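To be precise, the following lines are start-v3.tsv, and they hold TSV, C-alpha atoms.
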chain	number	residue	atom	x	y	z
A	1	MET	CA	-41.06	-74.16	0.30
A	2	LYS	CA	-39.61	-75.51	3.53
A	3	THR	CA	-38.92	-73.00	6.34
A	4	SER	CA	-35.25	-74.04	6.43
A	5	ASN	CA	-34.90	-73.18	2.75
A	6	VAL	CA	-36.51	-69.78	3.31
A	7	ILE	CA	-34.07	-69.05	6.13
A	8	ALA	CA	-31.14	-70.18	4.00
A	9	ILE	CA	-32.20	-68.00	1.07
A	10	SER	CA	-32.75	-65.01	3.38
A	11	PHE	CA	-29.30	-65.51	4.90
A	12	VAL	CA	-27.68	-65.68	1.49
A	13	GLY	CA	-29.53	-62.51	0.44
A	14	ALA	CA	-28.41	-60.64	3.55
A	15	THR	CA	-24.82	-61.82	3.07
A	16	ALA	CA	-24.86	-60.65	-0.53
A	17	SER	CA	-26.17	-57.26	0.58
A	18	LEU	CA	-23.38	-56.91	3.13
A	19	ALA	CA	-20.81	-58.00	0.59
A	20	ALA	CA	-22.00	-55.27	-1.77
A	21	ALA	CA	-20.65	-52.57	0.58
A	22	ASP	CA	-17.34	-51.41	-0.80
A	23	ILE	CA	-14.54	-48.87	-0.46
A	24	LEU	CA	-14.10	-46.66	-3.50
A	25	GLU	CA	-10.70	-44.98	-3.58
A	26	VAL	CA	-9.99	-41.53	-5.01
A	27	PRO	CA	-7.91	-40.98	-7.08
A	28	GLY	CA	-6.67	-44.59	-7.17
A	29	GLU	CA	-9.83	-46.09	-8.65
A	30	PHE	CA	-11.81	-42.97	-9.55
A	31	PRO	CA	-10.33	-39.70	-10.85
A	32	THR	CA	-12.76	-37.46	-8.95
A	33	ILE	CA	-14.78	-37.60	-5.75
A	34	GLN	CA	-18.00	-37.18	-7.71
A	35	ALA	CA	-17.15	-40.08	-10.02
A	36	ALA	CA	-16.80	-42.31	-6.95
A	37	ILE	CA	-20.09	-41.01	-5.50
A	38	ASP	CA	-21.81	-41.73	-8.82
A	39	ALA	CA	-20.63	-45.35	-8.64
A	40	ALA	CA	-21.35	-45.84	-4.94
A	41	VAL	CA	-24.35	-47.65	-3.48
A	42	ALA	CA	-25.84	-47.52	0.02
A	43	GLY	CA	-23.30	-48.53	2.66
A	44	ASP	CA	-20.25	-47.77	0.51
A	45	GLU	CA	-17.39	-45.55	1.61
A	46	VAL	CA	-15.65	-43.10	-0.71
A	47	LEU	CA	-12.10	-42.82	0.61
A	48	VAL	CA	-10.19	-39.76	-0.63
A	49	SER	CA	-6.40	-39.39	-0.59
A	50	LYS	CA	-4.79	-36.09	0.35
A	51	GLY	CA	-4.64	-33.37	-2.25
A	52	THR	CA	-6.75	-30.59	-3.72
A	53	TYR	CA	-9.84	-31.52	-5.73
A	54	PHE	CA	-11.26	-28.79	-7.96
A	55	GLU	CA	-14.88	-29.89	-8.16
A	56	GLY	CA	-18.29	-29.69	-6.61
A	57	ILE	CA	-19.84	-32.82	-5.17
A	58	ASP	CA	-23.44	-33.98	-4.67
A	59	PHE	CA	-24.33	-36.93	-2.44
A	60	LEU	CA	-27.32	-37.62	-4.73
A	61	GLY	CA	-29.40	-38.84	-1.79
A	62	LYS	CA	-27.09	-41.80	-1.18
A	63	ASP	CA	-26.51	-43.31	2.26
A	64	ILE	CA	-22.72	-43.33	1.93
A	65	VAL	CA	-19.64	-42.05	3.71
A	66	VAL	CA	-17.28	-39.63	1.96
A	67	ARG	CA	-14.12	-39.46	4.04
A	68	SER	CA	-10.55	-38.25	3.61
A	69	VAL	CA	-7.58	-40.40	4.48
A	70	SER	CA	-5.42	-37.62	5.93
A	71	GLY	CA	-7.89	-35.08	7.32
A	72	PRO	CA	-8.83	-31.48	6.54
A	73	LEU	CA	-5.34	-29.99	6.80
A	74	SER	CA	-4.21	-31.88	3.70
A	75	THR	CA	-7.42	-32.68	1.79
A	76	PHE	CA	-9.22	-29.83	0.04
A	77	ILE	CA	-12.35	-29.55	-2.07
A	78	ASN	CA	-11.94	-26.28	-3.93
A	79	GLY	CA	-14.94	-24.55	-5.47
A	80	THR	CA	-13.08	-22.02	-7.62
A	81	GLY	CA	-15.18	-21.36	-10.72
A	82	LEU	CA	-18.26	-23.26	-9.51
A	83	THR	CA	-21.76	-21.85	-9.89
A	84	THR	CA	-23.13	-24.07	-7.10
A	85	SER	CA	-22.21	-24.97	-3.53
A	86	VAL	CA	-18.97	-26.92	-3.16
A	87	VAL	CA	-20.92	-29.74	-1.44
A	88	ARG	CA	-24.62	-30.52	-1.83
A	89	CYS	CA	-26.88	-32.81	0.20
A	90	MET	CA	-30.34	-32.06	-1.17
A	91	SER	CA	-32.03	-35.40	-1.82
A	92	GLY	CA	-33.01	-36.77	1.58
A	93	GLU	CA	-29.62	-38.01	2.79
A	94	PRO	CA	-30.04	-39.70	6.22
A	95	ALA	CA	-27.98	-39.26	9.39
A	96	THR	CA	-25.86	-42.29	8.44
A	97	ALA	CA	-24.61	-40.46	5.35
A	98	ARG	CA	-21.41	-38.72	6.41
A	99	LEU	CA	-18.90	-36.15	5.18
A	100	GLU	CA	-15.66	-36.28	7.13
A	101	GLY	CA	-12.21	-34.76	7.08
A	102	PHE	CA	-12.14	-32.06	4.36
A	103	THR	CA	-11.38	-28.39	3.96
A	104	ILE	CA	-14.19	-26.98	1.81
A	105	GLN	CA	-13.16	-23.66	0.35
A	106	HIS	CA	-13.67	-20.93	-2.26
A	107	GLY	CA	-17.30	-21.64	-3.07
A	108	ILE	CA	-18.46	-18.11	-3.90
A	109	THR	CA	-21.98	-18.44	-5.30
A	110	GLY	CA	-23.97	-21.13	-3.53
A	111	THR	CA	-26.95	-23.12	-4.77
A	112	PRO	CA	-30.33	-21.72	-5.89
A	113	LEU	CA	-33.13	-22.42	-3.42
A	114	PRO	CA	-35.57	-24.81	-5.16
A	115	LEU	CA	-38.63	-22.64	-4.44
A	116	ALA	CA	-36.80	-19.33	-4.90
A	117	PRO	CA	-34.11	-19.91	-7.54
A	118	LEU	CA	-32.94	-16.30	-7.53
A	119	ILE	CA	-31.74	-16.78	-3.93
A	120	ARG	CA	-28.34	-18.43	-3.53
A	121	VAL	CA	-27.45	-20.31	-0.36
A	122	GLY	CA	-24.55	-22.26	1.12
A	123	GLY	CA	-21.32	-21.25	-0.56
A	124	GLY	CA	-19.48	-24.11	1.14
A	125	ILE	CA	-22.25	-26.64	1.67
A	126	ALA	CA	-26.02	-26.69	1.09
A	127	VAL	CA	-28.02	-29.20	3.15
A	128	LEU	CA	-31.68	-29.06	2.12
A	129	ASN	CA	-34.36	-31.44	3.43
A	130	SER	CA	-31.59	-33.85	4.44
A	131	SER	CA	-29.74	-34.74	7.64
A	132	PRO	CA	-26.23	-35.99	6.88
A	133	THR	CA	-23.58	-36.05	9.59
A	134	ILE	CA	-20.70	-33.61	9.00
A	135	GLU	CA	-17.50	-34.18	10.97
A	136	ASP	CA	-14.00	-32.72	11.17
A	137	CYS	CA	-14.43	-30.30	8.26
A	138	ARG	CA	-13.21	-26.75	7.73
A	139	PHE	CA	-15.27	-24.24	5.76
A	140	LEU	CA	-12.97	-21.45	4.62
A	141	HIS	CA	-13.40	-18.42	2.35
A	142	ASN	CA	-16.84	-19.29	1.04
A	143	ALA	CA	-19.58	-16.81	0.15
A	144	SER	CA	-23.24	-16.64	-0.79
A	145	ALA	CA	-26.35	-14.60	-0.08
A	146	TYR	CA	-27.34	-16.78	2.91
A	147	GLY	CA	-25.11	-19.16	4.83
A	148	GLY	CA	-21.65	-18.36	3.54
A	149	GLY	CA	-19.98	-21.47	4.92
A	150	ALA	CA	-23.10	-23.62	5.27
A	151	TYR	CA	-26.86	-23.39	4.74
A	152	ILE	CA	-28.80	-26.01	6.71
A	153	TYR	CA	-32.50	-26.17	5.76
A	154	LEU	CA	-35.17	-28.35	7.44
A	155	SER	CA	-32.44	-30.62	8.73
A	156	ASP	CA	-31.59	-32.59	11.86
A	157	SER	CA	-27.92	-32.83	10.93
A	158	ILE	CA	-25.17	-33.21	13.49
A	159	ILE	CA	-22.21	-30.98	12.64
A	160	ARG	CA	-19.29	-32.00	14.83
A	161	ASP	CA	-15.68	-30.73	15.24
A	162	CYS	CA	-16.00	-28.28	12.33
A	163	VAL	CA	-14.50	-24.84	11.68
A	164	PHE	CA	-16.30	-21.97	9.92
A	165	HIS	CA	-13.68	-19.32	9.21
A	166	GLN	CA	-13.61	-16.19	7.04
A	167	ASN	CA	-16.83	-16.88	5.17
A	168	GLN	CA	-19.20	-14.06	4.24
A	169	VAL	CA	-22.69	-13.29	2.98
A	170	SER	CA	-24.58	-10.43	1.39
A	171	ALA	CA	-27.54	-11.20	3.68
A	172	ASP	CA	-27.69	-13.54	6.73
A	173	GLY	CA	-25.40	-16.09	8.35
A	174	GLY	CA	-21.77	-15.33	7.53
A	175	GLY	CA	-20.41	-18.58	8.92
A	176	ALA	CA	-23.61	-20.60	8.67
A	177	GLN	CA	-27.39	-20.31	8.62
A	178	THR	CA	-29.95	-22.82	9.78
A	179	PHE	CA	-33.60	-22.63	8.78
A	180	GLY	CA	-36.13	-24.87	10.52
A	181	GLY	CA	-35.34	-28.38	11.61
A	182	ASN	CA	-33.27	-29.25	14.66
A	183	PRO	CA	-29.56	-29.28	13.75
A	184	THR	CA	-26.84	-29.71	16.37
A	185	PHE	CA	-23.36	-28.17	16.34
A	186	GLU	CA	-20.86	-29.87	18.66
A	187	ASN	CA	-17.38	-28.49	19.37
A	188	CYS	CA	-17.47	-26.16	16.35
A	189	SER	CA	-15.90	-22.73	15.91
A	190	PHE	CA	-17.20	-19.70	14.01
A	191	THR	CA	-14.43	-17.14	13.56
A	192	TYR	CA	-13.88	-14.02	11.44
A	193	ASN	CA	-17.03	-14.48	9.37
A	194	LYS	CA	-19.01	-11.50	8.05
A	195	ALA	CA	-22.64	-10.56	7.40
A	196	LEU	CA	-22.13	-6.87	6.87
A	197	ASN	CA	-25.59	-6.06	5.52
A	198	SER	CA	-27.81	-8.07	7.82
A	199	HIS	CA	-27.96	-10.76	10.55
A	200	GLY	CA	-25.54	-13.15	12.21
A	201	GLY	CA	-21.85	-12.73	11.43
A	202	GLY	CA	-21.01	-16.10	12.91
A	203	LEU	CA	-24.36	-17.91	12.77
A	204	HIS	CA	-27.98	-17.04	11.97
A	205	VAL	CA	-30.69	-19.39	13.24
A	206	ALA	CA	-34.07	-18.83	11.61
A	207	GLN	CA	-37.17	-20.68	12.81
A	208	GLY	CA	-37.04	-24.25	14.07
A	209	SER	CA	-34.60	-25.18	16.81
A	210	ALA	CA	-30.85	-25.52	16.98
A	211	THR	CA	-28.43	-26.72	19.63
A	212	LEU	CA	-24.82	-25.56	20.07
A	213	ILE	CA	-22.63	-27.53	22.47
A	214	ASP	CA	-19.08	-26.44	23.41
A	215	CYS	CA	-18.85	-24.06	20.44
A	216	VAL	CA	-16.79	-20.87	20.06
A	217	ILE	CA	-18.23	-17.83	18.25
A	218	SER	CA	-15.59	-15.12	18.07
A	219	ASN	CA	-14.36	-12.15	16.03
A	220	ASN	CA	-17.31	-12.16	13.64
A	221	THR	CA	-18.90	-9.03	12.17
A	222	ALA	CA	-22.47	-8.17	11.16
A	223	ASN	CA	-24.89	-5.31	10.86
A	224	ILE	CA	-27.11	-7.03	13.46
A	225	GLY	CA	-25.73	-9.62	15.86
A	226	GLY	CA	-21.99	-9.86	15.27
A	227	GLY	CA	-21.76	-13.31	16.80
A	228	LEU	CA	-25.19	-14.92	16.62
A	229	THR	CA	-28.76	-14.04	15.72
A	230	TYR	CA	-31.92	-16.01	16.43
A	231	TYR	CA	-35.18	-15.35	14.60
A	232	PRO	CA	-37.69	-17.78	16.10
A	233	THR	CA	-41.29	-18.43	15.15
A	234	GLY	CA	-41.59	-21.37	17.53
A	235	GLY	CA	-39.22	-23.92	19.03
A	236	SER	CA	-36.08	-22.81	20.84
A	237	ALA	CA	-32.33	-22.62	20.42
A	238	THR	CA	-29.86	-23.68	23.12
A	239	LEU	CA	-26.21	-22.79	23.70
A	240	ASN	CA	-24.51	-25.02	26.25
A	241	GLY	CA	-20.87	-24.56	27.25
A	242	CYS	CA	-20.19	-22.02	24.50
A	243	GLU	CA	-18.13	-18.83	24.18
A	244	ILE	CA	-19.34	-15.69	22.38
A	245	LYS	CA	-16.35	-13.35	22.34
A	246	ASN	CA	-14.99	-10.26	20.59
A	247	ASN	CA	-17.71	-10.02	17.96
A	248	ILE	CA	-18.77	-6.68	16.46
A	249	GLY	CA	-22.21	-5.57	15.26
A	250	ASP	CA	-23.73	-2.21	14.47
A	251	VAL	CA	-26.58	-3.54	16.60
A	252	ALA	CA	-25.64	-6.14	19.25
A	253	GLY	CA	-22.08	-7.37	19.24
A	254	GLY	CA	-22.57	-10.74	20.89
A	255	PHE	CA	-26.06	-11.99	20.05
A	256	TRP	CA	-29.46	-10.69	18.97
A	257	VAL	CA	-32.89	-12.27	19.51
A	258	ARG	CA	-36.01	-11.32	17.58
A	259	PRO	CA	-38.06	-8.75	19.56
A	260	GLY	CA	-40.95	-10.27	21.48
A	261	PHE	CA	-39.30	-13.69	21.83
A	262	ASP	CA	-37.11	-15.20	24.54
A	263	ASP	CA	-36.55	-18.65	23.07
A	264	LEU	CA	-32.74	-18.56	23.17
A	265	VAL	CA	-31.52	-20.61	26.14
A	266	LEU	CA	-28.00	-20.05	27.48
A	267	VAL	CA	-26.33	-22.57	29.78
A	268	ASP	CA	-22.74	-22.31	31.06
A	269	THR	CA	-21.95	-19.84	28.29
A	270	GLU	CA	-19.48	-16.93	28.37
A	271	VAL	CA	-20.35	-13.69	26.58
A	272	CYS	CA	-17.42	-11.28	26.70
A	273	GLY	CA	-15.67	-8.52	24.79
A	274	ASN	CA	-18.40	-7.94	22.22
A	275	ALA	CA	-19.05	-4.45	20.87
A	276	PRO	CA	-21.02	-2.26	21.14
A	277	SER	CA	-23.09	-4.43	23.52
A	278	PRO	CA	-23.15	-8.03	24.73
A	279	TYR	CA	-26.65	-8.65	23.38
A	280	VAL	CA	-29.98	-7.19	22.32
A	281	GLY	CA	-33.23	-9.00	23.05
A	282	ALA	CA	-34.37	-11.52	25.65
A	283	TYR	CA	-32.98	-14.92	26.56
A	284	VAL	CA	-33.55	-17.69	29.10
A	285	ASP	CA	-30.82	-18.01	31.72
A	286	GLY	CA	-30.15	-21.72	32.20
A	287	GLY	CA	-27.45	-21.04	34.80
A	288	LYS	CA	-23.66	-20.76	35.06
A	289	ASN	CA	-23.47	-18.03	32.41
A	290	VAL	CA	-20.83	-15.30	32.48
A	291	PHE	CA	-21.33	-11.85	30.94
A	292	CYS	CA	-18.56	-9.28	30.80
A	293	GLU	CA	-17.97	-6.21	28.70
A	294	GLY	CA	-14.31	-7.07	28.27
A	295	CYS	CA	-11.77	-4.93	26.49
A	296	PRO	CA	-11.52	-5.22	22.71
A	297	GLY	CA	-8.31	-3.15	22.84
A	298	ASP	CA	-6.50	-5.22	25.49
A	299	LEU	CA	-4.05	-6.71	23.01
A	300	ASN	CA	-1.56	-7.95	25.59
A	301	ASN	CA	-4.32	-9.43	27.80
A	302	ASN	CA	-3.22	-7.77	31.03
A	303	GLY	CA	-6.65	-6.40	31.93
A	304	VAL	CA	-5.86	-2.80	31.02
A	305	VAL	CA	-6.05	-0.92	27.72
A	306	GLU	CA	-3.01	1.35	27.75
A	307	GLY	CA	0.06	2.49	25.85
A	308	ALA	CA	1.49	-1.01	25.63
A	309	ASP	CA	-1.55	-2.05	23.59
A	310	VAL	CA	-1.04	0.87	21.22
A	311	SER	CA	2.53	-0.38	20.70
A	312	VAL	CA	1.23	-3.83	19.83
A	313	MET	CA	-1.23	-2.32	17.35
A	314	LEU	CA	1.45	-0.18	15.70
A	315	GLY	CA	3.49	-3.32	15.16
A	316	PHE	CA	0.71	-4.57	12.88
A	317	TRP	CA	-0.10	-1.20	11.32
A	318	GLY	CA	-1.13	-1.49	7.69
A	319	PHE	CA	-1.06	-5.28	7.87
A	320	SER	CA	-3.72	-6.61	5.50
A	321	GLY	CA	-3.65	-10.11	6.98
A	322	VAL	CA	-3.36	-11.88	3.64
A	323	GLY	CA	-6.13	-14.15	4.88
A	324	ILE	CA	-4.59	-14.42	8.35
A	325	PRO	CA	-6.62	-12.66	11.07
A	326	VAL	CA	-4.76	-10.64	13.68
A	327	ALA	CA	-6.06	-9.51	17.06
A	328	ALA	CA	-5.10	-5.88	16.34
A	329	ASP	CA	-7.73	-5.72	13.58
A	330	LEU	CA	-10.37	-4.70	16.10
A	331	ASN	CA	-13.12	-3.95	13.61
A	332	ASN	CA	-12.49	-7.13	11.62
A	333	ASP	CA	-12.23	-5.34	8.26
A	334	GLY	CA	-9.03	-7.08	7.18
A	335	VAL	CA	-6.54	-4.26	7.79
A	336	VAL	CA	-5.01	-2.61	10.88
A	337	GLU	CA	-5.57	1.14	10.57
A	338	GLY	CA	-7.01	4.24	12.18
A	339	ALA	CA	-10.48	2.76	12.68
A	340	ASP	CA	-8.94	0.08	14.91
A	341	LEU	CA	-7.13	2.73	16.95
A	342	VAL	CA	-10.48	4.44	17.54
A	343	VAL	CA	-11.90	1.18	18.96
A	344	LEU	CA	-8.86	0.79	21.21
A	345	LEU	CA	-9.02	4.36	22.54
A	346	ALA	CA	-12.74	3.98	23.27
A	347	ALA	CA	-11.89	1.08	25.61
A	348	TRP	CA	-9.01	2.93	27.34
A	349	GLY	CA	-8.44	2.07	31.00
A	350	ASN	CA	-9.18	-0.91	33.20
A	351	CYS	CA	-11.25	-3.71	31.67
A	352	LYS	CA	-14.70	-4.06	33.11
A	353	PRO	CA	-15.61	-7.40	34.72

Here is the file; what I need is its structure written in the form of structure tokens.
Amino acid sequence: MKTSNVIAISFVGATASLAAADILEVPGEFPTIQAAIDAAVAGDEVLVSKGTYFEGIDFLGKDIVVRSVSGPLSTFINGTGLTTSVVRCMSGEPATARLEGFTIQHGITGTPLPLAPLIRVGGGIAVLNSSPTIEDCRFLHNASAYGGGAYIYLSDSIIRDCVFHQNQVSADGGGAQTFGGNPTFENCSFTYNKALNSHGGGLHVAQGSATLIDCVISNNTANIGGGLTYYPTGGSATLNGCEIKNNIGDVAGGFWVRPGFDDLVLVDTEVCGNAPSPYVGAYVDGGKNVFCEGCPGDLNNNGVVEGADVSVMLGFWGFSGVGIPVAADLNNDGVVEGADLVVLLAAWGNCKP
């Protein structure tokens, strides 16, 4: 066969491959997101119109983009009634596979771990042995044993511009848990998540490495490490340009690092207002960090805990939040009551720098 013919055939083949990429519209062409994913091939984009979709979805290992038209404030994937994670990426999805622009909510069981099926992980999303990119998503009101909002296992995923809010676990990682791998969180927030029986109200990092850039970890609650916990066996975790504020833990309000290790690196990070202590364990000071005890009871932010703050608290007295967090709920238990007044009175006086 002549070289020119080979080139021509190769060009035609490449053109056909490019032409195969398509946009699959939901619900215009497909009634559900999963139906569109089932029909998609590598390079396709599943484009989802605003609305609430009561389903769980699985990327099935496909190198595709699943994106909303209108963003997370008007496009919801609701896991009510599911017995798995709301979203699953468990079949080797690459970094070019992407989930973008959804609120992922009410997943309350998670997915069984393949090697330990009695353990449930990732109420909102389970990423196992895969590295998809996750952008502009909100993980709200999800629950599981590990990783209430997200469970990221042996993954190099980039999670960017995401919110983890009011998720909870019976074990570790209220907002999210990572295990192994080298995931990166950029410009994410972890707020009002709970791990009441164990580690990491906002985030629990176990083994491997993880990087957090410009992230906010605030108002989370845990038995150990209200904001963040790190349990290394090698590697290191880095927080750069982050805030760890107003978290509560029975042991370590801000962050906790496994005894005998100092593999958590802090750079240009502010650790303030955590109770009962900013941190427990060792860390590496990368410079430009700010530590302050703060004042959990300074509700009017004037630098002093005083009668005016009690007045603010009384204005919210008995308020259950109805899913809306309020600053006067100082112990993050969902209601403003006497226990919060105790926290306020314990901080009475001038805030400490």

Which residue, A:Asn220, A:Thr133, A:Ser49, A:Gln207, has the smallest gap to Arg98 in chain A when you use all atoms listed in the file?
->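 Going through A:Asn220, A:Thr133, A:Ser49, A:Gln207 one by one, the smallest distance to Arg98 in chain A is for A:Thr133.
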
Do a neighbour search on range 235-242 of chain A at 10 Å with only C-alpha atoms, toss out local chain neighbours closer than 3 positions, and write the hits as an MDAnalysis selection string.
-> chainID A and resid 180:189 205:217 230:232 245 261:271 283:284 286:289

Show which residues sit within 12 Å of Gly149 in chain A, as a PyMOL selection string. Count only C-alpha atoms, and ignore same-chain residues fewer than 4 positions away.
-> chain A and resi 79+85-87+103-110+121-127+137-145+162-169+172-178+189-195+201-204

Interatomic distance (Å, one decimal) between CA of Arg120 in chain A and CA of Met90 in chain A |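 Separation between CA of Arg120 in chain A and CA of Met90 in chain A: 14.0 Å.
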
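As for CA of Asn78 in chain A and CA of Gly56 in chain A, they are spaced 7.7 Å apart.
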
Work out how far apart CA of Gly307 in chain A and CA of Ile244 in chain A are and give it in Å to one decimal.
-> 26.8 Å

Could you name the residues that touch Leu314 in chain A at 9 Å or less, counting only C-alpha atoms, but leaving out those on the same chain fewer than 5 positions away, as number ranges by chain?
-> A: 309, 328, 336-337

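Proximity ranking of A:Val280, A:Leu128, A:Cys272, A:Ala339 relative to Phe255 in chain A places A:Val280 first, based on only C-alpha atoms.
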
Point out the residue among A:Gly225, A:Gly234, A:Pro72, A:Gly281 with the least atom-to-atom distance to Gly51 in chain A, counting only C-alpha atoms.
->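 The shortest atom-to-atom distance to Gly51 in chain A comes from A:Pro72.
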